[in-house]
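Shown next: query-v9.cif, containing mmCIF, C-alpha atoms.
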```
data_upload
#
loop_
_atom_site.label_atom_id
_atom_site.label_comp_id
_atom_site.auth_asym_id
_atom_site.auth_seq_id
_atom_site.Cartn_x
_atom_site.Cartn_y
_atom_site.Cartn_z
CA MET A 37 5.99 18.93 -15.82
CA SER A 38 8.15 21.96 -15.19
CA PRO A 39 10.20 22.44 -18.34
CA PHE A 40 13.09 24.06 -16.49
CA THR A 41 13.89 21.37 -13.96
CA ASP A 42 16.22 18.42 -14.28
CA ILE A 43 17.08 15.48 -12.04
CA GLU A 44 20.62 14.96 -10.83
CA THR A 45 21.78 11.81 -9.09
CA LEU A 46 23.61 12.63 -5.88
CA SER A 47 26.85 11.01 -4.77
CA PRO A 48 26.74 8.98 -1.53
CA GLU A 49 28.88 11.66 0.15
CA GLU A 50 26.46 14.39 -0.86
CA CYS A 51 23.56 12.24 0.33
CA VAL A 52 25.12 11.87 3.79
CA ARG A 53 25.86 15.60 3.97
CA LEU A 54 22.26 16.47 3.10
CA LEU A 55 20.88 13.91 5.55
CA GLY A 56 22.95 15.53 8.27
CA SER A 57 21.32 18.87 7.47
CA ALA A 58 17.75 17.57 7.81
CA PRO A 59 15.91 18.14 11.07
CA VAL A 60 13.43 15.36 10.44
CA GLY A 61 13.09 12.28 8.28
CA ARG A 62 10.54 9.57 7.60
CA LEU A 63 10.82 5.94 8.52
CA VAL A 64 9.21 3.57 6.01
CA PHE A 65 8.39 0.08 7.14
CA THR A 66 5.79 -2.67 7.02
CA GLU A 67 3.07 -2.81 9.67
CA HIS A 68 0.38 -5.50 9.63
CA ALA A 69 1.59 -6.39 6.12
CA MET A 70 0.87 -2.83 4.93
CA PRO A 71 3.23 -0.03 3.96
CA ALA A 72 3.67 2.42 6.81
CA ILE A 73 5.48 5.72 7.18
CA ARG A 74 6.13 7.93 10.16
CA PRO A 75 8.04 11.19 10.59
CA VAL A 76 10.82 10.89 13.17
CA ASN A 77 13.81 12.88 14.22
CA PHE A 78 17.12 11.13 14.11
CA VAL A 79 20.87 11.32 14.42
CA LEU A 80 23.52 10.01 12.05
CA ASP A 81 26.22 7.64 13.31
CA GLY A 82 28.58 7.58 10.36
CA THR A 83 26.21 6.58 7.58
CA ASP A 84 23.80 4.76 9.90
CA VAL A 85 20.52 6.39 10.89
CA ILE A 86 19.61 6.25 14.59
CA VAL A 87 15.98 6.72 15.66
CA ARG A 88 14.60 6.66 19.18
CA THR A 89 11.07 5.44 19.77
CA ALA A 90 8.78 4.19 22.48
CA ALA A 91 9.61 0.62 23.48
CA ASP A 92 6.03 -0.60 23.43
CA SER A 93 5.05 0.89 20.11
CA TRP A 94 4.91 0.15 16.40
CA ALA A 95 8.71 -0.03 16.54
CA ARG A 96 8.82 -3.49 18.05
CA GLY A 97 8.38 -5.12 14.68
CA LEU A 98 11.30 -3.23 13.20
CA ASN A 99 14.09 -5.34 14.70
CA GLY A 100 15.66 -7.26 11.84
CA ALA A 101 13.43 -5.73 9.18
CA ILE A 102 14.63 -4.01 6.03
CA VAL A 103 13.35 -0.44 6.23
CA ALA A 104 13.78 2.78 4.31
CA PHE A 105 14.52 6.17 5.78
CA GLU A 106 13.90 9.29 3.74
CA ALA A 107 14.64 12.96 4.21
CA ASP A 108 13.95 15.69 1.70
CA HIS A 109 13.79 19.40 1.25
CA ILE A 110 11.64 20.64 -1.60
CA ASP A 111 10.78 24.23 -2.29
CA PRO A 112 7.19 24.35 -3.53
CA GLU A 113 7.77 27.76 -5.11
CA THR A 114 10.77 26.90 -7.28
CA HIS A 115 10.08 23.16 -7.56
CA THR A 116 13.69 22.46 -6.67
CA GLY A 117 15.11 20.42 -3.84
CA TRP A 118 16.50 17.06 -2.92
CA SER A 119 15.47 13.68 -1.55
CA VAL A 120 17.75 11.08 0.02
CA VAL A 121 16.76 7.49 0.84
CA VAL A 122 18.68 5.09 3.08
CA LEU A 123 17.76 1.44 2.71
CA GLY A 124 18.96 -1.00 5.31
CA LYS A 125 18.38 -3.43 8.11
CA ALA A 126 16.95 -2.08 11.34
CA SER A 127 18.17 -3.43 14.65
CA ALA A 128 17.65 -2.49 18.27
CA VAL A 129 20.65 -0.83 19.91
CA THR A 130 21.09 -2.41 23.32
CA ASP A 131 24.76 -1.75 24.07
CA VAL A 132 24.82 0.80 26.89
CA ASP A 133 28.00 2.54 25.71
CA ALA A 134 26.45 2.99 22.26
CA LEU A 135 23.18 4.24 23.77
CA VAL A 136 25.04 6.86 25.78
CA ARG A 137 27.17 7.92 22.82
CA LEU A 138 24.15 8.19 20.53
CA ASN A 139 22.06 10.25 22.95
CA ASP A 140 22.28 13.68 21.31
CA PRO A 141 20.30 15.99 23.62
CA SER A 142 19.55 18.34 20.72
CA ARG A 143 17.90 15.53 18.78
CA ARG A 144 15.72 13.91 21.43
CA PRO A 145 12.35 12.54 20.31
CA TRP A 146 9.62 15.14 20.02
CA ALA A 147 6.67 12.94 20.78
CA PRO A 148 5.63 12.65 24.42
CA GLY A 149 6.30 9.64 26.62
CA ARG A 150 9.33 7.45 27.24
CA HIS A 151 11.44 6.51 24.24
CA ASP A 152 13.53 3.64 25.47
CA ARG A 153 14.00 1.87 22.18
CA CYS A 154 16.89 2.94 20.01
CA ILE A 155 16.87 1.67 16.43
CA ARG A 156 19.88 1.62 14.15
CA ILE A 157 19.37 1.48 10.39
CA ARG A 158 22.56 0.06 8.99
CA ALA A 159 22.86 1.86 5.67
CA GLY A 160 23.04 -0.81 2.99
CA GLN A 161 22.24 1.60 0.17
CA ILE A 162 22.09 5.38 0.07
CA THR A 163 20.57 7.08 -2.96
CA GLY A 164 19.62 10.64 -3.60
CA ARG A 165 18.22 12.87 -6.28
CA ARG A 166 18.21 16.59 -6.72
CA LEU A 167 15.70 18.59 -8.74
CA VAL A 168 17.53 21.55 -10.20
CA ARG A 169 16.65 24.47 -12.42
CA THR A 170 18.07 24.35 -15.89
CA ALA A 171 18.57 27.24 -18.25
CA ALA A 172 15.43 27.98 -20.24
CA MET B 239 11.42 13.84 24.32
CA SER B 240 10.07 17.35 24.41
CA PRO B 241 8.11 17.58 27.66
CA PHE B 242 5.72 20.18 26.31
CA THR B 243 4.38 18.35 23.30
CA ASP B 244 1.45 15.99 23.05
CA ILE B 245 -0.01 13.89 20.23
CA GLU B 246 -3.56 14.43 19.03
CA THR B 247 -5.34 12.07 16.69
CA LEU B 248 -6.86 13.96 13.77
CA SER B 249 -10.36 13.39 12.41
CA PRO B 250 -10.64 12.14 8.81
CA GLU B 251 -12.10 15.54 7.82
CA GLU B 252 -9.12 17.38 9.34
CA CYS B 253 -6.75 14.93 7.61
CA VAL B 254 -8.28 15.69 4.21
CA ARG B 255 -8.16 19.44 4.86
CA LEU B 256 -4.47 19.25 5.81
CA LEU B 257 -3.67 17.03 2.82
CA GLY B 258 -5.22 19.64 0.59
CA SER B 259 -2.90 22.26 2.04
CA ALA B 260 0.28 20.29 1.35
CA PRO B 261 2.27 21.15 -1.77
CA VAL B 262 4.06 17.81 -1.84
CA GLY B 263 3.65 14.33 -0.40
CA ARG B 264 5.51 11.03 -0.40
CA LEU B 265 4.43 7.85 -2.08
CA VAL B 266 5.40 4.69 -0.17
CA PHE B 267 5.46 1.44 -2.06
CA THR B 268 7.37 -1.78 -2.60
CA GLU B 269 10.05 -1.95 -5.27
CA HIS B 270 12.07 -5.12 -5.88
CA ALA B 271 10.61 -6.47 -2.61
CA MET B 272 12.09 -3.50 -0.73
CA PRO B 273 10.38 -0.52 0.90
CA ALA B 274 10.55 2.52 -1.35
CA ILE B 275 9.55 6.14 -0.95
CA ARG B 276 9.48 9.04 -3.35
CA PRO B 277 8.36 12.66 -3.02
CA VAL B 278 5.66 13.56 -5.52
CA ASN B 279 3.22 16.34 -6.04
CA PHE B 280 -0.40 15.40 -6.22
CA VAL B 281 -4.01 16.50 -6.38
CA LEU B 282 -6.93 15.32 -4.30
CA ASP B 283 -10.07 13.96 -5.96
CA GLY B 284 -12.44 13.80 -3.03
CA THR B 285 -10.43 11.71 -0.60
CA ASP B 286 -8.43 9.95 -3.31
CA VAL B 287 -4.86 10.97 -4.02
CA ILE B 288 -3.91 11.45 -7.67
CA VAL B 289 -0.25 11.30 -8.72
CA ARG B 290 1.16 11.70 -12.21
CA THR B 291 4.35 9.89 -13.13
CA ALA B 292 6.36 8.78 -16.10
CA ALA B 293 4.78 5.80 -17.84
CA ASP B 294 8.01 3.82 -18.13
CA SER B 295 9.19 4.31 -14.59
CA TRP B 296 9.08 2.74 -11.14
CA ALA B 297 5.34 3.43 -11.22
CA ARG B 298 4.51 0.51 -13.47
CA GLY B 299 4.49 -1.87 -10.53
CA LEU B 300 2.03 0.26 -8.60
CA ASN B 301 -1.13 -0.80 -10.45
CA GLY B 302 -3.16 -2.89 -8.03
CA ALA B 303 -0.70 -2.51 -5.17
CA ILE B 304 -1.56 -1.29 -1.68
CA VAL B 305 0.47 1.86 -1.14
CA ALA B 306 0.74 4.61 1.43
CA PHE B 307 0.82 8.32 0.75
CA GLU B 308 2.07 10.69 3.41
CA ALA B 309 2.20 14.44 3.78
CA ASP B 310 3.41 16.34 6.79
CA HIS B 311 4.40 19.73 8.02
CA ILE B 312 6.69 19.79 11.02
CA ASP B 313 8.33 22.87 12.46
CA PRO B 314 11.83 21.90 13.59
CA GLU B 315 11.97 24.93 15.89
CA THR B 316 8.81 24.32 17.89
CA HIS B 317 8.64 20.53 17.33
CA THR B 318 4.99 20.89 16.42
CA GLY B 319 3.21 19.88 13.25
CA TRP B 320 1.12 17.21 11.65
CA SER B 321 1.39 14.06 9.56
CA VAL B 322 -1.37 12.44 7.52
CA VAL B 323 -1.18 9.00 5.91
CA VAL B 324 -3.54 7.64 3.27
CA LEU B 325 -3.47 3.88 2.81
CA GLY B 326 -5.14 2.40 -0.22
CA LYS B 327 -5.04 0.56 -3.50
CA ALA B 328 -3.26 2.21 -6.39
CA SER B 329 -4.68 1.93 -9.87
CA ALA B 330 -3.87 3.49 -13.20
CA VAL B 331 -6.39 6.10 -14.37
CA THR B 332 -7.09 5.43 -18.03
CA ASP B 333 -10.50 7.04 -18.53
CA VAL B 334 -9.94 10.08 -20.73
CA ASP B 335 -12.67 12.20 -19.10
CA ALA B 336 -11.14 11.53 -15.69
CA LEU B 337 -7.65 12.32 -16.98
CA VAL B 338 -8.82 15.65 -18.32
CA ARG B 339 -10.72 16.50 -15.15
CA LEU B 340 -7.76 15.59 -12.92
CA ASN B 341 -5.22 17.60 -14.89
CA ASP B 342 -4.68 20.55 -12.56
CA PRO B 343 -2.18 22.79 -14.36
CA SER B 344 -0.97 24.24 -11.05
CA ARG B 345 -0.03 20.79 -9.82
CA ARG B 346 1.78 19.34 -12.80
CA PRO B 347 4.73 17.03 -12.10
CA TRP B 348 7.97 18.82 -11.33
CA ALA B 349 10.37 16.23 -12.62
CA PRO B 350 11.41 16.51 -16.26
CA GLY B 351 10.12 14.27 -19.02
CA ARG B 352 6.71 13.03 -20.02
CA HIS B 353 4.36 11.95 -17.24
CA ASP B 354 1.70 9.97 -19.01
CA ARG B 355 0.75 7.68 -16.17
CA CYS B 356 -1.88 8.86 -13.76
CA ILE B 357 -2.22 6.87 -10.54
CA ARG B 358 -5.24 7.00 -8.25
CA ILE B 359 -4.84 5.94 -4.63
CA ARG B 360 -8.32 4.99 -3.48
CA ALA B 361 -8.28 6.06 0.16
CA GLY B 362 -9.13 2.99 2.20
CA GLN B 363 -7.89 4.48 5.44
CA ILE B 364 -6.88 8.02 6.36
CA THR B 365 -5.10 8.63 9.63
CA GLY B 366 -3.37 11.67 11.01
CA ARG B 367 -1.58 12.90 14.07
CA ARG B 368 -0.72 16.34 15.31
CA LEU B 369 2.11 17.24 17.65
CA VAL B 370 0.96 20.15 19.76
CA ARG B 371 2.43 22.25 22.53
CA THR B 372 0.95 21.71 25.94
CA ALA B 373 1.13 24.10 28.86
CA ALA B 374 4.34 23.67 30.83
#
```

What would the structure in this file look like if it were written as C-alpha coordinates?
Amino acid sequence: MSPFTDIETLSPEECVRLLGSAPVGRLVFTEHAMPAIRPVNFVLDGTDVIVRTAADSWARGLNGAIVAFEADHIDPETHTGWSVVVLGKASAVTDVDALVRLNDPSRRPWAPGRHDRCIRIRAGQITGRRLVRTAA
Amino acid sequence: MSPFTDIETLSPEECVRLLGSAPVGRLVFTEHAMPAIRPVNFVLDGTDVIVRTAADSWARGLNGAIVAFEADHIDPETHTGWSVVVLGKASAVTDVDALVRLNDPSRRPWAPGRHDRCIRIRAGQITGRRLVRTAA
(Lines of atoms letter the chains of each structure in order from A and count residues from 1; the text may use other names and numbers.)
(Lines give C-alpha, C1' and ligand atoms only; values in the text may rest on other atoms or scores of the structure.)
Protein backbone atom coordinates (compact mmCIF):
# COMPACT_ATOMS: atom_id res chain seq x y z
CA MET A 1 0.00 0.00 0.00
CA SER A 2 1.24 3.45 -0.85
CA PRO A 3 0.20 5.67 2.04
CA PHE A 4 -0.03 8.78 -0.12
CA THR A 5 -2.48 7.62 -2.74
CA ASP A 6 -6.25 7.80 -2.72
CA ILE A 7 -8.97 6.57 -5.07
CA GLU A 8 -11.36 9.00 -6.69
CA THR A 9 -14.46 7.93 -8.57
CA LEU A 10 -14.61 9.60 -11.96
CA SER A 11 -17.73 11.16 -13.46
CA PRO A 12 -19.07 9.59 -16.68
CA GLU A 13 -18.02 12.74 -18.57
CA GLU A 14 -14.48 12.47 -17.27
CA CYS A 15 -14.44 8.77 -18.13
CA VAL A 16 -15.39 9.50 -21.75
CA ARG A 17 -12.79 12.27 -21.99
CA LEU A 18 -10.05 9.96 -20.70
CA LEU A 19 -11.15 7.13 -22.99
CA GLY A 20 -10.83 9.50 -25.92
CA SER A 21 -7.24 10.22 -24.91
CA ALA A 22 -6.19 6.55 -24.84
CA PRO A 23 -4.42 5.12 -27.87
CA VAL A 24 -5.27 1.54 -26.97
CA GLY A 25 -7.73 -0.35 -24.81
CA ARG A 26 -8.49 -3.92 -23.86
CA LEU A 27 -11.52 -5.91 -24.84
CA VAL A 28 -12.69 -8.37 -22.18
CA PHE A 29 -14.97 -11.18 -23.23
CA THR A 30 -15.69 -14.88 -22.83
CA GLU A 31 -14.02 -17.38 -25.14
CA HIS A 32 -14.64 -21.12 -24.81
CA ALA A 33 -16.32 -20.35 -21.47
CA MET A 34 -13.11 -18.75 -20.18
CA PRO A 35 -12.29 -15.11 -19.47
CA ALA A 36 -10.35 -13.58 -22.33
CA ILE A 37 -8.70 -10.21 -22.89
CA ARG A 38 -7.07 -8.67 -25.90
CA PRO A 39 -5.50 -5.25 -26.53
CA VAL A 40 -7.17 -3.42 -29.41
CA ASN A 41 -7.21 0.05 -30.79
CA PHE A 42 -10.57 1.71 -31.08
CA VAL A 43 -12.57 4.81 -31.82
CA LEU A 44 -15.36 6.38 -29.78
CA ASP A 45 -18.75 7.06 -31.37
CA GLY A 46 -20.39 9.18 -28.71
CA THR A 47 -20.03 6.94 -25.68
CA ASP A 48 -19.93 3.72 -27.72
CA VAL A 49 -16.63 1.95 -28.31
CA ILE A 50 -15.93 0.81 -31.88
CA VAL A 51 -13.36 -1.94 -32.52
CA ARG A 52 -12.35 -3.40 -35.85
CA THR A 53 -11.24 -7.01 -36.04
CA ALA A 54 -10.72 -9.83 -38.48
CA ALA A 55 -14.02 -11.34 -39.59
CA ASP A 56 -12.93 -14.94 -39.13
CA SER A 57 -11.40 -14.55 -35.71
CA TRP A 58 -12.19 -14.77 -32.02
CA ALA A 59 -14.54 -11.83 -32.60
CA ARG A 60 -17.30 -13.90 -34.14
CA GLY A 61 -18.60 -14.91 -30.76
CA LEU A 62 -18.88 -11.32 -29.61
CA ASN A 63 -22.10 -10.45 -31.44
CA GLY A 64 -24.79 -10.05 -28.80
CA ALA A 65 -22.45 -10.71 -25.88
CA ILE A 66 -21.99 -8.46 -22.88
CA VAL A 67 -18.34 -7.41 -22.90
CA ALA A 68 -16.12 -5.00 -21.02
CA PHE A 69 -13.70 -2.55 -22.54
CA GLU A 70 -10.96 -1.04 -20.41
CA ALA A 71 -8.38 1.67 -20.94
CA ASP A 72 -5.95 2.94 -18.35
CA HIS A 73 -2.89 5.02 -17.85
CA ILE A 74 -0.85 4.28 -14.77
CA ASP A 75 2.51 5.75 -13.95
CA PRO A 76 4.60 3.05 -12.30
CA GLU A 77 6.91 5.65 -10.78
CA THR A 78 4.31 7.76 -8.98
CA HIS A 79 1.65 5.03 -8.64
CA THR A 80 -0.94 7.45 -9.96
CA GLY A 81 -3.21 7.14 -12.94
CA TRP A 82 -6.68 6.21 -14.04
CA SER A 83 -8.71 3.27 -15.31
CA VAL A 84 -12.03 3.44 -17.16
CA VAL A 85 -14.29 0.47 -17.89
CA VAL A 86 -17.19 0.41 -20.35
CA LEU A 87 -19.63 -2.44 -19.90
CA GLY A 88 -22.12 -3.13 -22.64
CA LYS A 89 -23.54 -5.28 -25.37
CA ALA A 90 -21.38 -5.93 -28.41
CA SER A 91 -22.93 -6.04 -31.85
CA ALA A 92 -21.60 -6.23 -35.37
CA VAL A 93 -21.88 -2.98 -37.34
CA THR A 94 -23.16 -3.86 -40.80
CA ASP A 95 -24.70 -0.59 -41.95
CA VAL A 96 -22.47 0.71 -44.75
CA ASP A 97 -22.99 4.39 -43.93
CA ALA A 98 -21.98 3.71 -40.32
CA LEU A 99 -18.96 1.68 -41.43
CA VAL A 100 -17.77 4.54 -43.63
CA ARG A 101 -18.37 7.13 -40.92
CA LEU A 102 -16.56 5.07 -38.29
CA ASN A 103 -13.50 4.38 -40.43
CA ASP A 104 -10.97 6.71 -38.81
CA PRO A 105 -7.77 6.26 -40.85
CA SER A 106 -5.65 7.29 -37.86
CA ARG A 107 -7.11 4.49 -35.78
CA ARG A 108 -6.96 1.55 -38.16
CA PRO A 109 -6.19 -1.87 -36.67
CA TRP A 110 -2.52 -2.52 -36.05
CA ALA A 111 -2.53 -6.25 -36.47
CA PRO A 112 -1.89 -7.58 -39.97
CA GLY A 113 -4.55 -9.00 -42.26
CA ARG A 114 -8.04 -7.91 -43.24
CA HIS A 115 -10.26 -6.49 -40.52
CA ASP A 116 -13.70 -6.59 -42.00
CA ARG A 117 -15.66 -6.96 -38.80
CA CYS A 118 -16.64 -3.81 -36.97
CA ILE A 119 -17.91 -4.25 -33.42
CA ARG A 120 -19.88 -1.66 -31.51
CA ILE A 121 -19.97 -1.81 -27.72
CA ARG A 122 -23.08 0.06 -26.71
CA ALA A 123 -22.05 1.65 -23.44
CA GLY A 124 -24.52 0.47 -20.81
CA GLN A 125 -22.31 1.49 -17.90
CA ILE A 126 -19.16 3.60 -17.75
CA THR A 127 -17.13 3.63 -14.56
CA GLY A 128 -13.74 5.01 -13.79
CA ARG A 129 -11.32 5.44 -10.95
CA ARG A 130 -8.33 7.65 -10.47
CA LEU A 131 -5.40 6.98 -8.16
CA VAL A 132 -4.17 10.32 -6.90
CA ARG A 133 -1.46 11.53 -4.57
CA THR A 134 -2.65 12.91 -1.29
CA ALA A 135 -0.77 15.22 1.02
CA ALA A 136 1.51 13.31 3.36
CA MET B 1 -4.30 -2.21 -40.53
CA SER B 2 -0.66 -1.25 -40.44
CA PRO B 3 0.90 -2.98 -43.44
CA PHE B 4 4.30 -3.26 -41.79
CA THR B 5 3.37 -5.15 -38.67
CA ASP B 6 3.14 -8.86 -38.10
CA ILE B 7 2.08 -11.02 -35.15
CA GLU B 8 4.50 -13.45 -33.54
CA THR B 9 3.45 -16.06 -31.02
CA LEU B 10 5.65 -15.92 -27.93
CA SER B 11 7.12 -18.94 -26.18
CA PRO B 12 6.00 -19.58 -22.58
CA GLU B 13 9.53 -18.67 -21.40
CA GLU B 14 9.40 -15.33 -23.24
CA CYS B 15 5.91 -14.70 -21.82
CA VAL B 16 7.15 -15.19 -18.26
CA ARG B 17 10.17 -12.95 -18.89
CA LEU B 18 7.95 -10.17 -20.26
CA LEU B 19 5.46 -10.56 -17.40
CA GLY B 20 8.31 -10.08 -14.98
CA SER B 21 9.19 -6.80 -16.68
CA ALA B 22 5.69 -5.34 -16.38
CA PRO B 23 5.00 -2.95 -13.50
CA VAL B 24 1.25 -3.46 -13.67
CA GLY B 25 -1.23 -5.97 -15.08
CA ARG B 26 -4.97 -6.40 -15.32
CA LEU B 27 -7.05 -8.98 -13.55
CA VAL B 28 -10.03 -10.22 -15.58
CA PHE B 29 -12.84 -11.92 -13.74
CA THR B 30 -16.60 -12.22 -13.45
CA GLU B 31 -18.50 -9.92 -11.11
CA HIS B 32 -22.29 -10.10 -10.76
CA ALA B 33 -22.28 -12.36 -13.85
CA MET B 34 -20.60 -9.59 -15.87
CA PRO B 35 -17.07 -9.37 -17.26
CA ALA B 36 -14.87 -7.24 -15.03
CA ILE B 37 -11.33 -5.96 -15.28
CA ARG B 38 -9.12 -4.10 -12.86
CA PRO B 39 -5.51 -2.91 -13.04
CA VAL B 40 -3.39 -4.34 -10.23
CA ASN B 41 0.23 -4.63 -9.41
CA PHE B 42 1.57 -8.08 -8.82
CA VAL B 43 4.54 -10.32 -8.23
CA LEU B 44 5.44 -13.55 -9.97
CA ASP B 45 6.04 -16.72 -7.96
CA GLY B 46 7.51 -19.00 -10.60
CA THR B 47 4.83 -18.82 -13.26
CA ASP B 48 2.04 -18.00 -10.82
CA VAL B 49 0.73 -14.46 -10.51
CA ILE B 50 0.30 -13.09 -7.00
CA VAL B 51 -2.03 -10.13 -6.38
CA ARG B 52 -2.79 -8.45 -3.08
CA THR B 53 -6.17 -6.87 -2.55
CA ALA B 54 -8.46 -5.63 0.16
CA ALA B 55 -10.09 -8.49 2.05
CA ASP B 56 -13.59 -7.02 1.95
CA SER B 57 -13.62 -6.11 -1.70
CA TRP B 58 -14.57 -7.42 -5.13
CA ALA B 59 -11.84 -10.03 -4.61
CA ARG B 60 -13.89 -12.20 -2.30
CA GLY B 61 -15.59 -13.88 -5.24
CA LEU B 62 -12.29 -14.79 -6.85
CA ASN B 63 -11.45 -17.78 -4.66
CA GLY B 64 -11.78 -20.86 -6.84
CA ALA B 65 -12.69 -18.92 -9.97
CA ILE B 66 -10.94 -19.20 -13.32
CA VAL B 67 -9.53 -15.77 -14.07
CA ALA B 68 -7.27 -14.17 -16.63
CA PHE B 69 -4.36 -11.87 -15.94
CA GLU B 70 -2.96 -9.71 -18.70
CA ALA B 71 0.02 -7.44 -19.06
CA ASP B 72 1.08 -5.62 -22.18
CA HIS B 73 3.34 -2.95 -23.49
CA ILE B 74 2.28 -1.34 -26.73
CA ASP B 75 3.93 1.66 -28.32
CA PRO B 76 1.19 3.80 -29.86
CA GLU B 77 3.74 5.49 -32.14
CA THR B 78 5.23 2.41 -33.76
CA HIS B 79 2.22 0.10 -33.22
CA THR B 80 4.56 -2.55 -31.89
CA GLY B 81 4.55 -4.29 -28.54
CA TRP B 82 3.48 -7.39 -26.72
CA SER B 83 0.61 -8.83 -24.70
CA VAL B 84 0.76 -11.82 -22.37
CA VAL B 85 -2.27 -13.55 -20.83
CA VAL B 86 -2.19 -16.00 -17.94
CA LEU B 87 -5.31 -18.11 -17.52
CA GLY B 88 -5.76 -20.05 -14.33
CA LYS B 89 -7.56 -20.76 -11.10
CA ALA B 90 -7.46 -18.10 -8.42
CA SER B 91 -7.13 -19.09 -4.80
CA ALA B 92 -6.58 -17.23 -1.58
CA VAL B 93 -3.09 -17.62 -0.09
CA THR B 94 -3.49 -18.25 3.61
CA ASP B 95 -0.25 -20.01 4.51
CA VAL B 96 1.73 -17.58 6.66
CA ASP B 97 5.15 -18.68 5.38
CA ALA B 98 3.98 -18.14 1.81
CA LEU B 99 2.49 -14.75 2.68
CA VAL B 100 5.77 -13.62 4.18
CA ARG B 101 7.80 -14.94 1.26
CA LEU B 102 5.50 -13.29 -1.31
CA ASN B 103 5.51 -9.89 0.37
CA ASP B 104 7.75 -7.94 -1.99
CA PRO B 105 7.99 -4.45 -0.47
CA SER B 106 8.70 -2.92 -3.88
CA ARG B 107 5.45 -4.30 -5.24
CA ARG B 108 3.00 -3.42 -2.51
CA PRO B 109 -0.54 -2.47 -3.56
CA TRP B 110 -0.91 1.12 -4.69
CA ALA B 111 -4.50 1.66 -3.70
CA PRO B 112 -5.15 2.99 -0.21
CA GLY B 113 -6.42 0.88 2.67
CA ARG B 114 -5.52 -2.50 4.05
CA HIS B 115 -4.82 -5.28 1.55
CA ASP B 116 -5.00 -8.42 3.60
CA ARG B 117 -6.10 -10.79 0.87
CA CYS B 118 -3.43 -12.43 -1.21
CA ILE B 119 -4.60 -14.15 -4.38
CA ARG B 120 -2.58 -16.72 -6.30
CA ILE B 121 -3.40 -17.34 -9.95
CA ARG B 122 -2.06 -20.80 -10.70
CA ALA B 123 -0.94 -20.47 -14.31
CA GLY B 124 -2.79 -23.13 -16.26
CA GLN B 125 -2.06 -21.55 -19.61
CA ILE B 126 0.29 -18.75 -20.61
CA THR B 127 -0.01 -17.25 -24.07
CA GLY B 128 1.55 -14.20 -25.61
CA ARG B 129 1.74 -12.30 -28.85
CA ARG B 130 4.11 -9.72 -30.15
CA LEU B 131 3.37 -7.12 -32.80
CA VAL B 132 6.55 -6.53 -34.74
CA ARG B 133 7.61 -4.36 -37.64
CA THR B 134 8.28 -6.17 -40.86
CA ALA B 135 10.33 -4.89 -43.77
CA ALA B 136 8.26 -2.73 -46.10

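Nearest residue to A:Ser57 among B:Ala306, B:Gly326, B:Pro314, B:Thr372 is B:Pro314, counting all atoms listed in the file.
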
Give me the result of the PyMOL selection byres ((chain B and resi 325) around 6) on this file, residue by residue, as a ChimeraX atom specification. /B:305-306,324,326,361-363

Output C-alpha atoms for every residue in the selection just made, as a tab-separated table (two decimals), in the coordinates of the input.
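Once written, selection36.tsv looks like this:
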```tsv
chain	number	residue	atom	x	y	z
B	305	VAL	CA	0.47	1.86	-1.14
B	306	ALA	CA	0.74	4.61	1.43
B	324	VAL	CA	-3.54	7.64	3.27
B	326	GLY	CA	-5.14	2.40	-0.22
B	361	ALA	CA	-8.28	6.06	0.16
B	362	GLY	CA	-9.13	2.99	2.20
B	363	GLN	CA	-7.89	4.48	5.44
```

Once the PyMOL selection byres ((chain B and resi 274-276) around 12) has been evaluated on this model, what residues remain selected, and can you format them as a PyMOL selection string? (chain A and resi 61-66+71-74+102-108+110+118-124+161-165) or (chain B and resi 262-273+277-279+289+291+296-297+299-300+305-309+349)

Nearest to chain B, chosen from A:Arg169, A:Arg137, A:His115, A:Arg53, with all atoms listed in the file counted in the distances: A:His115

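The residues returned by the PyMOL selection byres ((chain B and resi 248) around 7) on the shown structure are Glu246, Thr247, Ser249, Pro250, Glu252, Cys253, Thr365, Gly366, Arg367 and Arg368 of chain B.
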
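Straight-line separation from atom CA of A:Val52 to atom CA of B:Arg290: 28.8 Å.
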
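Between chain A and the residues B:Ile357, B:Leu282, B:Val287, B:Leu369, the shortest atom-to-atom distance, using only C-alpha atoms, involves B:Leu369.
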
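Between atom CA of B:Arg355 and atom CA of B:Thr332 the separation is 8.4 Å.
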
Quick one, how far is atom CA of A:Val79 from atom CA of A:Cys154?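 So the two atoms, atom CA of A:Val79 and atom CA of A:Cys154, lie 10.8 Å apart.
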
Distance criterion (all atoms listed in the file): nearest to A:Asp111 out of B:Leu337, B:Ala260, B:Gly284, B:Ala330: B:Ala260

In terms of all atoms listed in the file, the residue from B:His311, B:Leu256, B:Ser329, B:Pro261 at minimal distance from chain A is B:Pro261

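Of the residues listed (A:Ile157, A:Val129, A:Leu55, A:Val168), A:Val168 shows the shortest atom-to-atom separation from chain B; distances use all atoms listed in the file.
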